[in-house]
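Shown below: entry.csv, with CSV, C-alpha atoms.
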chain,number,residue,atom,x,y,z
A,1339,MET,CA,-78.7,-143.9,-89.5
A,1340,THR,CA,-77.7,-147.1,-91.3
A,1341,THR,CA,-77.1,-148.4,-94.8
A,1342,ALA,CA,-80.2,-149.4,-96.7
A,1343,ARG,CA,-79.1,-153.0,-96.8
A,1344,LEU,CA,-78.8,-153.2,-93.0
A,1345,ALA,CA,-82.1,-151.5,-92.5
A,1346,VAL,CA,-83.9,-153.9,-94.8
A,1347,ASP,CA,-82.3,-156.9,-93.3
A,1348,MET,CA,-83.1,-155.9,-89.7
A,1349,GLY,CA,-86.5,-154.6,-90.4
A,1350,LEU,CA,-85.7,-151.0,-89.3
A,1351,PRO,CA,-88.4,-148.4,-90.1
A,1352,ILE,CA,-87.1,-146.4,-93.0
A,1353,ARG,CA,-88.4,-142.8,-92.9
A,1354,ALA,CA,-86.2,-141.3,-95.5
A,1355,VAL,CA,-83.1,-141.9,-97.7
A,1356,ILE,CA,-80.3,-139.5,-97.1
A,1357,ALA,CA,-79.2,-138.9,-100.7
A,1358,LEU,CA,-76.5,-136.3,-100.0
A,1359,THR,CA,-74.9,-134.4,-97.2
A,1360,HIS,CA,-72.7,-131.4,-98.2
A,1361,THR,CA,-70.7,-128.9,-96.2
A,1362,ALA,CA,-68.8,-125.9,-97.2
A,1363,SER,CA,-66.9,-123.0,-95.7
A,1364,ASP,CA,-67.3,-119.4,-96.8
A,1365,LYS,CA,-64.8,-116.6,-97.6
A,1366,ILE,CA,-62.5,-115.3,-94.9
A,1367,GLY,CA,-64.0,-112.8,-92.5
A,1368,ARG,CA,-64.0,-111.8,-88.8
A,1369,SER,CA,-67.8,-111.9,-88.3
A,1370,VAL,CA,-68.6,-115.3,-86.7
A,1371,PRO,CA,-72.3,-115.4,-87.6
A,1372,ALA,CA,-72.0,-113.7,-91.0
A,1373,PRO,CA,-73.7,-115.8,-93.8
A,1374,GLY,CA,-71.9,-116.8,-96.9
A,1375,LYS,CA,-72.4,-118.5,-100.2
A,1376,GLY,CA,-70.0,-121.4,-100.0
A,1377,ILE,CA,-72.8,-124.0,-100.0
A,1378,LEU,CA,-73.4,-123.0,-103.7
A,1379,THR,CA,-70.7,-125.7,-104.4
A,1380,ILE,CA,-73.3,-128.3,-104.0
A,1381,ALA,CA,-74.5,-127.3,-107.5
A,1382,ALA,CA,-71.1,-126.8,-109.1
A,1383,GLU,CA,-70.6,-128.5,-112.4
A,1384,GLU,CA,-69.1,-127.9,-115.8
A,1385,ARG,CA,-71.7,-126.6,-118.3
A,1386,GLY,CA,-71.9,-128.5,-121.5
A,1387,ARG,CA,-74.2,-128.6,-124.6
A,1388,PHE,CA,-75.4,-132.1,-123.9
A,1389,PRO,CA,-76.3,-133.9,-120.6
A,1390,SER,CA,-74.3,-136.9,-119.5
A,1391,PRO,CA,-75.9,-140.2,-120.3
A,1392,LEU,CA,-75.0,-141.3,-116.8
A,1393,LEU,CA,-77.9,-139.2,-115.5
A,1394,ASP,CA,-80.2,-141.8,-117.1
A,1395,LEU,CA,-81.0,-144.5,-114.5
A,1396,LYS,CA,-81.9,-147.1,-117.3
A,1397,TYR,CA,-78.6,-146.4,-119.1
A,1398,ARG,CA,-76.6,-146.9,-115.9
A,1399,ARG,CA,-78.5,-150.1,-115.1
A,1400,ARG,CA,-77.9,-151.5,-118.6
A,1401,GLN,CA,-74.2,-150.6,-118.5
A,1402,LEU,CA,-73.8,-152.1,-115.1
A,1403,ASP,CA,-75.5,-155.4,-116.0
A,1404,ARG,CA,-73.4,-155.7,-119.1
A,1405,ARG,CA,-70.2,-155.0,-117.2
A,1406,LEU,CA,-71.1,-157.6,-114.5
A,1407,ASN,CA,-71.8,-160.2,-117.2
A,1408,GLN,CA,-68.4,-159.5,-118.7
A,1409,ILE,CA,-66.7,-159.9,-115.3
A,1410,GLN,CA,-68.5,-163.3,-114.8
A,1411,GLU,CA,-67.5,-164.4,-118.3
A,1412,ARG,CA,-63.9,-163.5,-117.6
A,1413,ARG,CA,-64.0,-165.3,-114.2
A,1414,ALA,CA,-65.3,-168.4,-115.9
A,1415,LEU,CA,-62.6,-168.3,-118.5
A,1416,ASP,CA,-59.9,-167.8,-115.9
A,1417,LEU,CA,-61.2,-170.8,-113.9
A,1418,GLU,CA,-61.3,-172.9,-117.1
A,1419,TRP,CA,-57.7,-171.8,-117.8
A,1420,LEU,CA,-56.7,-172.8,-114.3
A,1421,GLU,CA,-58.2,-176.3,-114.6
A,1422,THR,CA,-56.5,-176.8,-117.9
A,1423,ARG,CA,-53.1,-175.8,-116.5
A,1424,LEU,CA,-53.6,-178.0,-113.4
A,1425,ALA,CA,-54.6,-181.0,-115.5
A,1426,ALA,CA,-51.5,-180.5,-117.7
A,1427,SER,CA,-49.0,-180.1,-114.8
A,1428,PRO,CA,-46.6,-182.9,-114.2
A,1429,SER,CA,-47.9,-183.6,-110.7
A,1430,SER,CA,-51.4,-184.3,-112.2
A,1431,SER,CA,-50.0,-186.7,-114.8
A,1432,GLY,CA,-48.0,-188.5,-112.2
A,1433,SER,CA,-44.7,-188.1,-114.0
A,1434,GLY,CA,-41.5,-188.2,-112.0
A,1435,ASN,CA,-41.2,-186.0,-108.9
A,1436,GLY,CA,-43.1,-183.1,-110.3
A,1437,ALA,CA,-40.1,-181.2,-111.7
A,1438,THR,CA,-40.5,-179.3,-114.9
A,1439,SER,CA,-38.0,-178.9,-117.7
A,1440,GLY,CA,-36.6,-175.4,-118.4
A,1441,GLY,CA,-35.8,-174.3,-114.9
A,1442,GLY,CA,-39.2,-174.5,-113.2
A,1443,ARG,CA,-41.2,-173.2,-116.2
A,1444,ASP,CA,-44.0,-174.9,-118.1
A,1445,GLN,CA,-44.4,-175.6,-121.8
A,1446,LEU,CA,-45.9,-172.0,-122.3
A,1447,GLY,CA,-42.7,-170.4,-121.0
A,1448,SER,CA,-44.3,-168.9,-117.9
A,1449,PRO,CA,-43.5,-170.0,-114.3
A,1450,SER,CA,-45.2,-173.3,-113.6
A,1451,LEU,CA,-48.0,-173.5,-111.1
A,1452,GLY,CA,-46.0,-175.8,-109.0
A,1453,GLY,CA,-42.7,-173.9,-109.2
A,1454,GLU,CA,-41.2,-173.1,-105.9
A,1455,ASP,CA,-38.3,-171.0,-104.6
A,1456,GLU,CA,-35.1,-173.0,-104.5
A,1457,GLU,CA,-34.7,-172.1,-100.8
A,1458,SER,CA,-38.2,-173.3,-100.0
A,1459,THR,CA,-38.2,-176.2,-97.6
A,1460,SER,CA,-41.7,-177.5,-98.5
A,1461,THR,CA,-43.4,-178.2,-101.8
A,1462,PRO,CA,-47.0,-177.0,-102.0
A,1463,THR,CA,-49.5,-179.6,-102.8
A,1464,GLU,CA,-51.7,-179.5,-105.9
A,1465,ALA,CA,-54.7,-178.6,-103.7
A,1466,GLU,CA,-52.8,-175.7,-102.2
A,1467,ILE,CA,-51.8,-174.4,-105.6
A,1468,ALA,CA,-55.3,-174.7,-106.9
A,1469,GLU,CA,-56.8,-172.9,-103.9
A,1470,HIS,CA,-54.2,-170.1,-104.3
A,1471,TYR,CA,-55.0,-169.3,-107.9
A,1472,ARG,CA,-58.8,-169.7,-107.4
A,1473,ASN,CA,-58.5,-167.1,-104.6
A,1474,GLN,CA,-56.6,-164.8,-106.9
A,1475,ILE,CA,-59.3,-165.2,-109.6
A,1476,GLU,CA,-62.1,-164.5,-107.1
A,1477,GLU,CA,-60.3,-161.4,-105.7
A,1478,ASP,CA,-59.8,-160.0,-109.2
A,1479,ALA,CA,-63.5,-160.6,-110.0
A,1480,GLN,CA,-64.6,-158.9,-106.8
A,1481,ARG,CA,-62.3,-156.0,-107.4
A,1482,SER,CA,-63.7,-155.5,-110.9
A,1483,ILE,CA,-67.3,-155.7,-109.5
A,1484,LYS,CA,-66.5,-153.0,-107.0
A,1485,GLU,CA,-65.0,-150.8,-109.7
A,1486,ALA,CA,-68.1,-151.4,-111.9
A,1487,LYS,CA,-70.5,-150.5,-109.1
A,1488,GLY,CA,-68.4,-147.4,-108.4
A,1489,ARG,CA,-68.7,-146.3,-112.0
A,1490,TYR,CA,-72.4,-147.0,-112.5
A,1491,GLY,CA,-73.8,-147.3,-108.9
A,1492,ASN,CA,-74.9,-144.8,-106.4
A,1493,ASN,CA,-71.6,-142.8,-106.5
A,1494,PHE,CA,-71.4,-142.6,-110.3
A,1495,TRP,CA,-71.4,-138.8,-110.3
A,1496,ARG,CA,-68.5,-138.3,-107.9
A,1497,ARG,CA,-65.8,-138.4,-110.6
A,1498,GLU,CA,-67.9,-136.6,-113.2
A,1499,THR,CA,-67.1,-132.8,-113.4
A,1500,SER,CA,-70.2,-132.3,-115.6
A,1501,ILE,CA,-72.5,-133.6,-112.8
A,1502,SER,CA,-72.9,-131.6,-109.6
A,1503,PRO,CA,-73.4,-133.3,-106.2
A,1504,LEU,CA,-77.0,-132.1,-106.1
A,1505,ARG,CA,-77.9,-133.2,-109.6
A,1506,GLY,CA,-76.0,-136.5,-109.2
A,1507,SER,CA,-77.6,-137.4,-105.8
A,1508,LEU,CA,-81.1,-136.9,-107.2
A,1509,ALA,CA,-80.2,-138.8,-110.4
A,1510,VAL,CA,-79.2,-141.9,-108.4
A,1511,TRP,CA,-83.0,-142.3,-107.8
A,1512,GLY,CA,-84.1,-141.3,-111.3
A,1513,LEU,CA,-85.0,-137.7,-110.1
A,1514,THR,CA,-84.1,-134.3,-111.3
A,1515,ILE,CA,-83.9,-130.8,-109.8
A,1516,ASP,CA,-87.6,-130.4,-110.8
A,1517,ASP,CA,-88.4,-133.2,-108.3
A,1518,LEU,CA,-87.2,-131.3,-105.3
A,1519,ASP,CA,-90.6,-130.7,-103.6
A,1520,VAL,CA,-89.8,-128.8,-100.4
A,1521,ALA,CA,-87.0,-126.9,-98.8
A,1522,SER,CA,-86.6,-126.4,-95.1
A,1523,LEU,CA,-84.6,-123.2,-94.5
A,1524,HIS,CA,-82.4,-122.1,-91.7
A,1525,GLY,CA,-84.6,-119.0,-91.6
A,1526,THR,CA,-83.4,-117.1,-88.6
A,1527,SER,CA,-85.7,-114.1,-89.5
A,1528,THR,CA,-82.6,-111.9,-89.7
A,1529,LYS,CA,-82.1,-109.7,-92.7
A,1530,LYS,CA,-78.6,-111.0,-93.5
A,1531,ASN,CA,-79.5,-114.7,-93.2
A,1532,ASP,CA,-82.8,-114.7,-94.9
A,1533,THR,CA,-81.7,-112.6,-98.0
A,1534,ASN,CA,-78.5,-114.7,-98.4
A,1535,GLU,CA,-80.0,-118.1,-97.8
A,1536,THR,CA,-82.9,-117.6,-100.3
A,1537,ALA,CA,-80.5,-116.1,-102.8
A,1538,VAL,CA,-78.3,-119.3,-102.5
A,1539,ILE,CA,-81.2,-121.7,-103.0
A,1540,GLN,CA,-82.5,-119.6,-105.9
A,1541,SER,CA,-79.0,-119.7,-107.6
A,1542,GLN,CA,-78.8,-123.4,-107.1
A,1543,LEU,CA,-82.1,-124.0,-108.8
A,1544,GLU,CA,-81.4,-121.6,-111.6
A,1545,TRP,CA,-77.9,-123.1,-112.3
A,1546,LEU,CA,-79.3,-126.6,-112.5
A,1547,GLY,CA,-82.2,-125.6,-114.7
A,1548,ARG,CA,-85.3,-125.9,-112.6
A,1549,THR,CA,-88.4,-125.2,-114.8
A,1550,LYS,CA,-89.8,-121.7,-114.4
A,1551,GLY,CA,-93.2,-121.8,-112.7
A,1552,ASN,CA,-92.3,-124.9,-110.7
A,1553,VAL,CA,-91.8,-123.0,-107.5
A,1554,LEU,CA,-90.3,-124.6,-104.5
A,1555,PRO,CA,-92.2,-124.2,-101.2
A,1556,CYS,CA,-89.9,-123.1,-98.3
A,1557,VAL,CA,-90.7,-124.0,-94.7
A,1558,LEU,CA,-89.2,-122.1,-91.8
A,1559,GLN,CA,-89.7,-124.0,-88.6
A,1560,LYS,CA,-88.0,-121.5,-86.3
A,1561,SER,CA,-91.2,-119.4,-86.3
A,1562,LEU,CA,-92.7,-122.2,-84.3
A,1563,LEU,CA,-89.9,-123.9,-82.5
A,1564,GLY,CA,-87.4,-121.1,-82.0
A,1565,HIS,CA,-83.7,-121.6,-82.5
A,1566,GLY,CA,-82.4,-124.7,-80.8
A,1567,LYS,CA,-79.3,-124.4,-78.6
A,1568,GLY,CA,-77.9,-127.5,-80.4
A,1569,ALA,CA,-78.1,-128.5,-84.0
A,1570,ALA,CA,-81.2,-126.7,-85.3
A,1571,GLY,CA,-80.8,-128.6,-88.6
A,1572,ALA,CA,-81.8,-131.8,-86.7
A,1573,PHE,CA,-85.3,-130.3,-86.0
A,1574,ALA,CA,-85.6,-129.4,-89.6
A,1575,LEU,CA,-84.6,-132.8,-90.8
A,1576,ASN,CA,-87.2,-134.5,-88.6
A,1577,GLY,CA,-89.8,-132.0,-89.9
A,1578,CYS,CA,-89.0,-133.0,-93.5
A,1579,ILE,CA,-89.3,-136.7,-92.7
A,1580,GLN,CA,-92.8,-135.9,-91.3
A,1581,MET,CA,-93.6,-134.1,-94.5
A,1582,LEU,CA,-92.5,-137.2,-96.6
A,1583,ALA,CA,-94.8,-139.4,-94.5
A,1584,THR,CA,-97.9,-137.2,-94.6
A,1585,GLY,CA,-97.5,-135.1,-97.8
A,1586,ILE,CA,-98.4,-132.0,-95.6
A,1587,ILE,CA,-96.4,-128.9,-96.1
A,1588,PRO,CA,-96.8,-126.6,-93.0
A,1589,GLY,CA,-97.4,-122.9,-93.6
A,1590,ASN,CA,-95.2,-120.3,-92.0
A,1591,ARG,CA,-97.6,-118.7,-89.5
A,1592,ASN,CA,-95.6,-115.5,-89.3
A,1593,ALA,CA,-95.2,-115.0,-93.0
A,1594,ASP,CA,-97.9,-112.3,-93.4
A,1595,ASN,CA,-95.5,-109.7,-94.9
A,1596,ILE,CA,-92.7,-111.1,-97.1
A,1597,ASP,CA,-89.8,-108.7,-97.5
A,1598,ALA,CA,-89.7,-107.0,-100.9
A,1599,GLU,CA,-86.1,-108.0,-101.3
A,1600,LEU,CA,-87.3,-111.6,-101.8
A,1601,ARG,CA,-89.6,-110.9,-104.7
A,1602,ASP,CA,-86.9,-111.8,-107.3
A,1603,ARG,CA,-86.8,-115.3,-105.9
A,1604,ASP,CA,-89.1,-116.5,-108.6
A,1605,LEU,CA,-88.4,-120.2,-108.0
A,1606,LEU,CA,-89.3,-120.0,-104.3
A,1607,PHE,CA,-92.5,-119.3,-102.5
A,1608,PHE,CA,-93.3,-119.0,-98.8
A,1609,PRO,CA,-96.7,-120.4,-97.9
A,1610,SER,CA,-98.5,-118.9,-95.0
A,1611,ARG,CA,-101.0,-121.7,-94.8
A,1612,THR,CA,-100.6,-125.4,-94.4
A,1613,TYR,CA,-101.7,-127.5,-97.3
A,1614,LYS,CA,-101.4,-131.1,-98.5
A,1615,ASN,CA,-99.5,-131.9,-101.6
A,1616,ALA,CA,-101.5,-133.5,-104.4
A,1617,ALA,CA,-98.9,-136.2,-104.8
A,1618,ASP,CA,-96.3,-137.8,-102.5
A,1619,LEU,CA,-93.3,-135.6,-101.9
A,1620,LYS,CA,-90.3,-137.0,-103.8
A,1621,ALA,CA,-87.3,-135.2,-102.2
A,1622,PHE,CA,-86.5,-132.4,-99.8
A,1623,SER,CA,-83.6,-130.1,-99.0
A,1624,VAL,CA,-82.5,-128.9,-95.6
A,1625,THR,CA,-80.0,-126.0,-95.3
A,1626,SER,CA,-78.2,-124.9,-92.1
A,1627,PHE,CA,-76.0,-121.9,-91.9
A,1628,GLY,CA,-74.0,-122.3,-88.7
A,1629,PHE,CA,-71.5,-120.3,-86.8
A,1630,GLY,CA,-67.9,-120.0,-87.9
A,1631,GLN,CA,-68.9,-119.2,-91.5
A,1632,LYS,CA,-69.8,-122.8,-92.3
A,1633,GLY,CA,-72.8,-124.0,-94.3
A,1634,ALA,CA,-74.5,-127.4,-94.7
A,1635,GLN,CA,-77.1,-128.9,-96.8
A,1636,VAL,CA,-78.9,-132.3,-96.7
A,1637,VAL,CA,-80.9,-133.8,-99.5
A,1638,GLY,CA,-83.4,-136.6,-98.7
A,1639,VAL,CA,-85.5,-138.8,-100.9
A,1640,ASN,CA,-88.8,-140.6,-100.2
A,1641,PRO,CA,-88.2,-144.2,-99.1
A,1642,ARG,CA,-90.7,-145.4,-101.7
A,1643,TYR,CA,-87.8,-145.1,-104.2
A,1644,LEU,CA,-85.8,-147.5,-102.1
A,1645,PHE,CA,-88.6,-149.9,-101.7
A,1646,ALA,CA,-89.1,-150.0,-105.5
A,1647,THR,CA,-85.7,-151.6,-105.8
A,1648,LEU,CA,-86.8,-154.6,-103.7
A,1649,SER,CA,-88.5,-157.7,-105.0
A,1650,GLU,CA,-92.1,-158.2,-103.9
A,1651,GLN,CA,-91.0,-161.1,-101.6
A,1652,GLU,CA,-88.2,-159.1,-100.1
A,1653,TYR,CA,-90.5,-156.1,-99.5
A,1654,GLU,CA,-93.2,-158.3,-97.8
A,1655,THR,CA,-90.5,-159.9,-95.6
A,1656,TYR,CA,-89.2,-156.4,-94.6
A,1657,ARG,CA,-92.7,-155.2,-93.8
A,1658,ALA,CA,-93.3,-158.2,-91.5
A,1659,ARG,CA,-90.0,-157.5,-89.7
A,1660,VAL,CA,-90.9,-153.9,-89.2
A,1661,ARG,CA,-94.3,-154.8,-87.7
A,1662,GLY,CA,-92.6,-157.2,-85.3
A,1663,ARG,CA,-90.0,-154.6,-84.3
A,1664,GLU,CA,-92.7,-152.0,-83.8
A,1665,ARG,CA,-94.7,-154.3,-81.5
A,1666,SER,CA,-91.6,-155.1,-79.5
A,1667,ALA,CA,-90.7,-151.4,-79.2
A,1668,THR,CA,-94.2,-150.5,-78.1
A,1669,LYS,CA,-94.2,-153.2,-75.5
A,1670,ALA,CA,-90.7,-152.1,-74.2
A,1671,LEU,CA,-91.8,-148.5,-74.0
A,1672,GLN,CA,-95.0,-149.3,-72.1
A,1673,GLU,CA,-93.1,-151.5,-69.7
A,1674,GLY,CA,-90.5,-148.8,-69.2
A,1675,ILE,CA,-93.1,-146.1,-68.5
A,1676,TYR,CA,-95.4,-148.1,-66.2
A,1677,GLY,CA,-92.6,-150.0,-64.5
A,1678,GLY,CA,-90.5,-146.9,-63.8
A,1679,SER,CA,-87.5,-148.2,-65.7
A,1680,LEU,CA,-87.6,-146.1,-68.9
A,1681,VAL,CA,-84.1,-144.8,-68.3
A,1682,LYS,CA,-81.5,-147.5,-67.6
A,1683,VAL,CA,-78.3,-145.9,-66.3
A,1684,LYS,CA,-75.2,-148.0,-67.1
A,1685,GLU,CA,-72.5,-148.1,-64.4
A,1686,ALA,CA,-70.1,-150.4,-66.1
A,1687,SER,CA,-69.0,-151.4,-69.6
A,1688,VAL,CA,-70.3,-154.6,-71.1
A,1689,TYR,CA,-66.7,-155.5,-72.0
A,1690,GLU,CA,-64.1,-157.0,-69.7
A,1691,ASP,CA,-61.2,-154.7,-68.7
A,1692,LYS,CA,-58.8,-157.4,-69.6
A,1693,ASP,CA,-59.8,-157.2,-73.3
A,1694,LEU,CA,-59.8,-153.4,-73.4
A,1695,GLU,CA,-56.3,-152.8,-74.9
A,1696,ARG,CA,-56.7,-155.6,-77.3
A,1697,SER,CA,-60.1,-154.4,-78.6
A,1698,LEU,CA,-58.7,-150.8,-79.0
A,1699,LEU,CA,-55.7,-152.0,-81.0
A,1700,SER,CA,-57.4,-154.6,-83.2
A,1701,ARG,CA,-58.9,-153.8,-86.6
What does the file become when written as structure tokens?
Amino acid sequence: MTTARLAVDMGLPIRAVIALTHTASDKIGRSVPAPGKGILTIAAEERGRFPSPLLDLKYRRRQLDRRLNQIQERRALDLEWLETRLAASPSSSGSGNGATSGGGRDQLGSPSLGGEDEESTSTPTEAEIAEHYRNQIEEDAQRSIKEAKGRYGNNFWRRETSISPLRGSLAVWGLTIDDLDVASLHGTSTKKNDTNETAVIQSQLEWLGRTKGNVLPCVLQKSLLGHGKGAAGAFALNGCIQMLATGIIPGNRNADNIDAELRDRDLLFFPSRTYKNAADLKAFSVTSFGFGQKGAQVVGVNPRYLFATLSEQEYETYRARVRGRERSATKALQEGIYGGSLVKVKEASVYEDKDLERSLLSR
């Protein structure tokens, strides 16, 4: 998994965008596999009469553009101020030895740009002074840009108590809780897990206001794959990525008699047959209720929403890089299979031992 910027620049195939990962612990108990409801915190938010304008993608874009323009205007004014001060400094006018009247202070009463400590043994040159203050101005501008992107960028919701992690992560891409198109459940076919997990998902959807009648299809892969010894959620995540690519929602082959206790989950349904969605799937949810009374949930978004942020030229360049990388990968795979060198066992590190301590201590 990489950042979107790195994947686009390197031409890595992008199968999905991980919009959110969320983990939570449950209440205290002595039963290791007992399910809990701690993962409900993914939908936690303060209820208000009116939705936050930050949920509007166009609003955030407009606010971010305006803030970035203000930062650039301030940067230009600061640089203009610097040039004016430099031009007015005694060293620029060539008067005397560069000393200023009033104990090292300029005509505005602030420390002069060329003022140095009395104990300093060397006097900075005008070029050094200019570079120092230009760097300060640039650092200040970059710090302000980072703050603006933190406020209106992908993490805008993190400091907003009125926006839950689930709602906020979807809103980053202009989506809502109604755009969640499929859920892959932990689904162990045990009474405690299945009743608890479906209740948790139902409560999340109800709390965030999913429209009645817009039922969420639930996929349970363990009926086909069984329960992996390792992280079963990885199987489910890969299945969701395949669903994004094909639009096909696999039916639960064993779901011929849904338990009556699940009938009140009116925002969920459990298809027994495979079907193809009429439109591209927008987003998915994967839940995993592990041992130790810990729960996890992953929200993924169709990569089309990422591609929509690229310019046409950037997207075509990316596609060309992906095709080249896929050709190289296919060639390497075939050579590895036919040449008997698919697995290359490493016996030594690529780094010299003499640089080991330095590399571990360096940042």
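Proximity ranking of A:Lys1484, A:Arg1423, A:Lys1620, A:Arg1603 relative to A:Glu1535 places A:Arg1603 first, based on all atoms listed in the file.
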Worksheet item: atom CA of A:Arg1497 and atom CA of A:Leu1605, how far apart in Å?
Response: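 Going from atom CA of A:Leu1605 over to atom CA of A:Arg1497, I get 29.1 Å.
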Worksheet entry | Shell of 10 Å around A:Arg1472, all atoms listed in the file, local chain residues under 3 positions omitted, as a list in words |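 The contact residues come out as Arg1413, Asp1416, Leu1417, Leu1420, Glu1421, Glu1466, Ile1467, Ala1468, Glu1469, Ile1475, Glu1476, Glu1477 and Asp1478 of chain A.
With only C-alpha atoms as the atoms that count, the minimum distance from A:Val1346 to the choices A:Asp1693, A:Asp1604, A:Glu1664, A:Glu1654 is reached by A:Glu1654.
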Worksheet item: What's the 12 Å shell around A:Ala1598, counting all atoms listed in the file, without same-chain residues fewer than 4 positions away, as a ChimeraX atom specification?
Response: /A:1529,1532-1533,1602-1603
Fill in: Given all atoms listed in the file as the counted atoms, nearest of A:Gly1564, A:Ala1362, A:Leu1350, A:Leu1378 to A:Ser1541
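For A:Ser1541, the nearest of the given residues is A:Leu1378.
The residue that comes closest to A:Tyr1613, out of A:Asn1640, A:Ala1634, A:Gly1585, A:Glu1464 and on the basis of all atoms listed in the file, is A:Gly1585.
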Fill in: Non-local contacts of A:Lys1614 (12 Å; all atoms listed in the file; under 5 positions in same chain excluded) as JSON, numbers by chain
{"A": [1519, 1520, 1555, 1581, 1582, 1583, 1584, 1585, 1586, 1587, 1588, 1589, 1609, 1619]}
Worksheet entry | Computed interatomic separation between atom CA of A:Ser1687 and atom CA of A:Gly1674 (Å) |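 If I compute the distance from atom CA of A:Ser1687 to atom CA of A:Gly1674, I get 21.7 Å.
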Item to complete: May I ask for the distance between atom CA of A:Thr1514 and atom CA of A:Glu1383, given in Å to one decimal place?
Response: 14.7 Å
Discussion item. I'd like the contact shell of A:Leu1523 - 12 Å cut-off, all atoms listed in the file, skipping same-chain residues fewer than 6 positions apart - returned as a ChimeraX atom specification.
Written reply: /A:1531-1539,1554-1561,1570-1575,1577-1578,1590,1606-1608,1622-1627,1633-1636
Worksheet item: From the list A:Lys1692, A:Arg1398, A:His1524, A:Arg1661, which residue is nearest A:Met1348 when using all atoms listed in the file?
Response: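 Ranked by minimum distance to A:Met1348, first place goes to A:Arg1661.
If you measure from each of A:Thr1379, A:Gln1631, A:Ser1427, A:Thr1612 to A:Arg1505 using all atoms listed in the file, the closest one turns out to be A:Thr1379.
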Skip stretch 1401-1403 of chain A itself and residues of its chain fewer than 4 positions away, then list as a PDB file with C-alpha atoms, in the frame of the given file all residues within 7 Å of it, counting all atoms listed in the file.
ATOM      1  CA  TYR A1397     -78.600-146.400-119.100  1.00  0.00           C
ATOM      2  CA  ASN A1407     -71.800-160.200-117.200  1.00  0.00           C
ATOM      3  CA  ALA A1486     -68.100-151.400-111.900  1.00  0.00           C
ATOM      4  CA  TYR A1490     -72.400-147.000-112.500  1.00  0.00           C
TER       5      TYR A1490
END
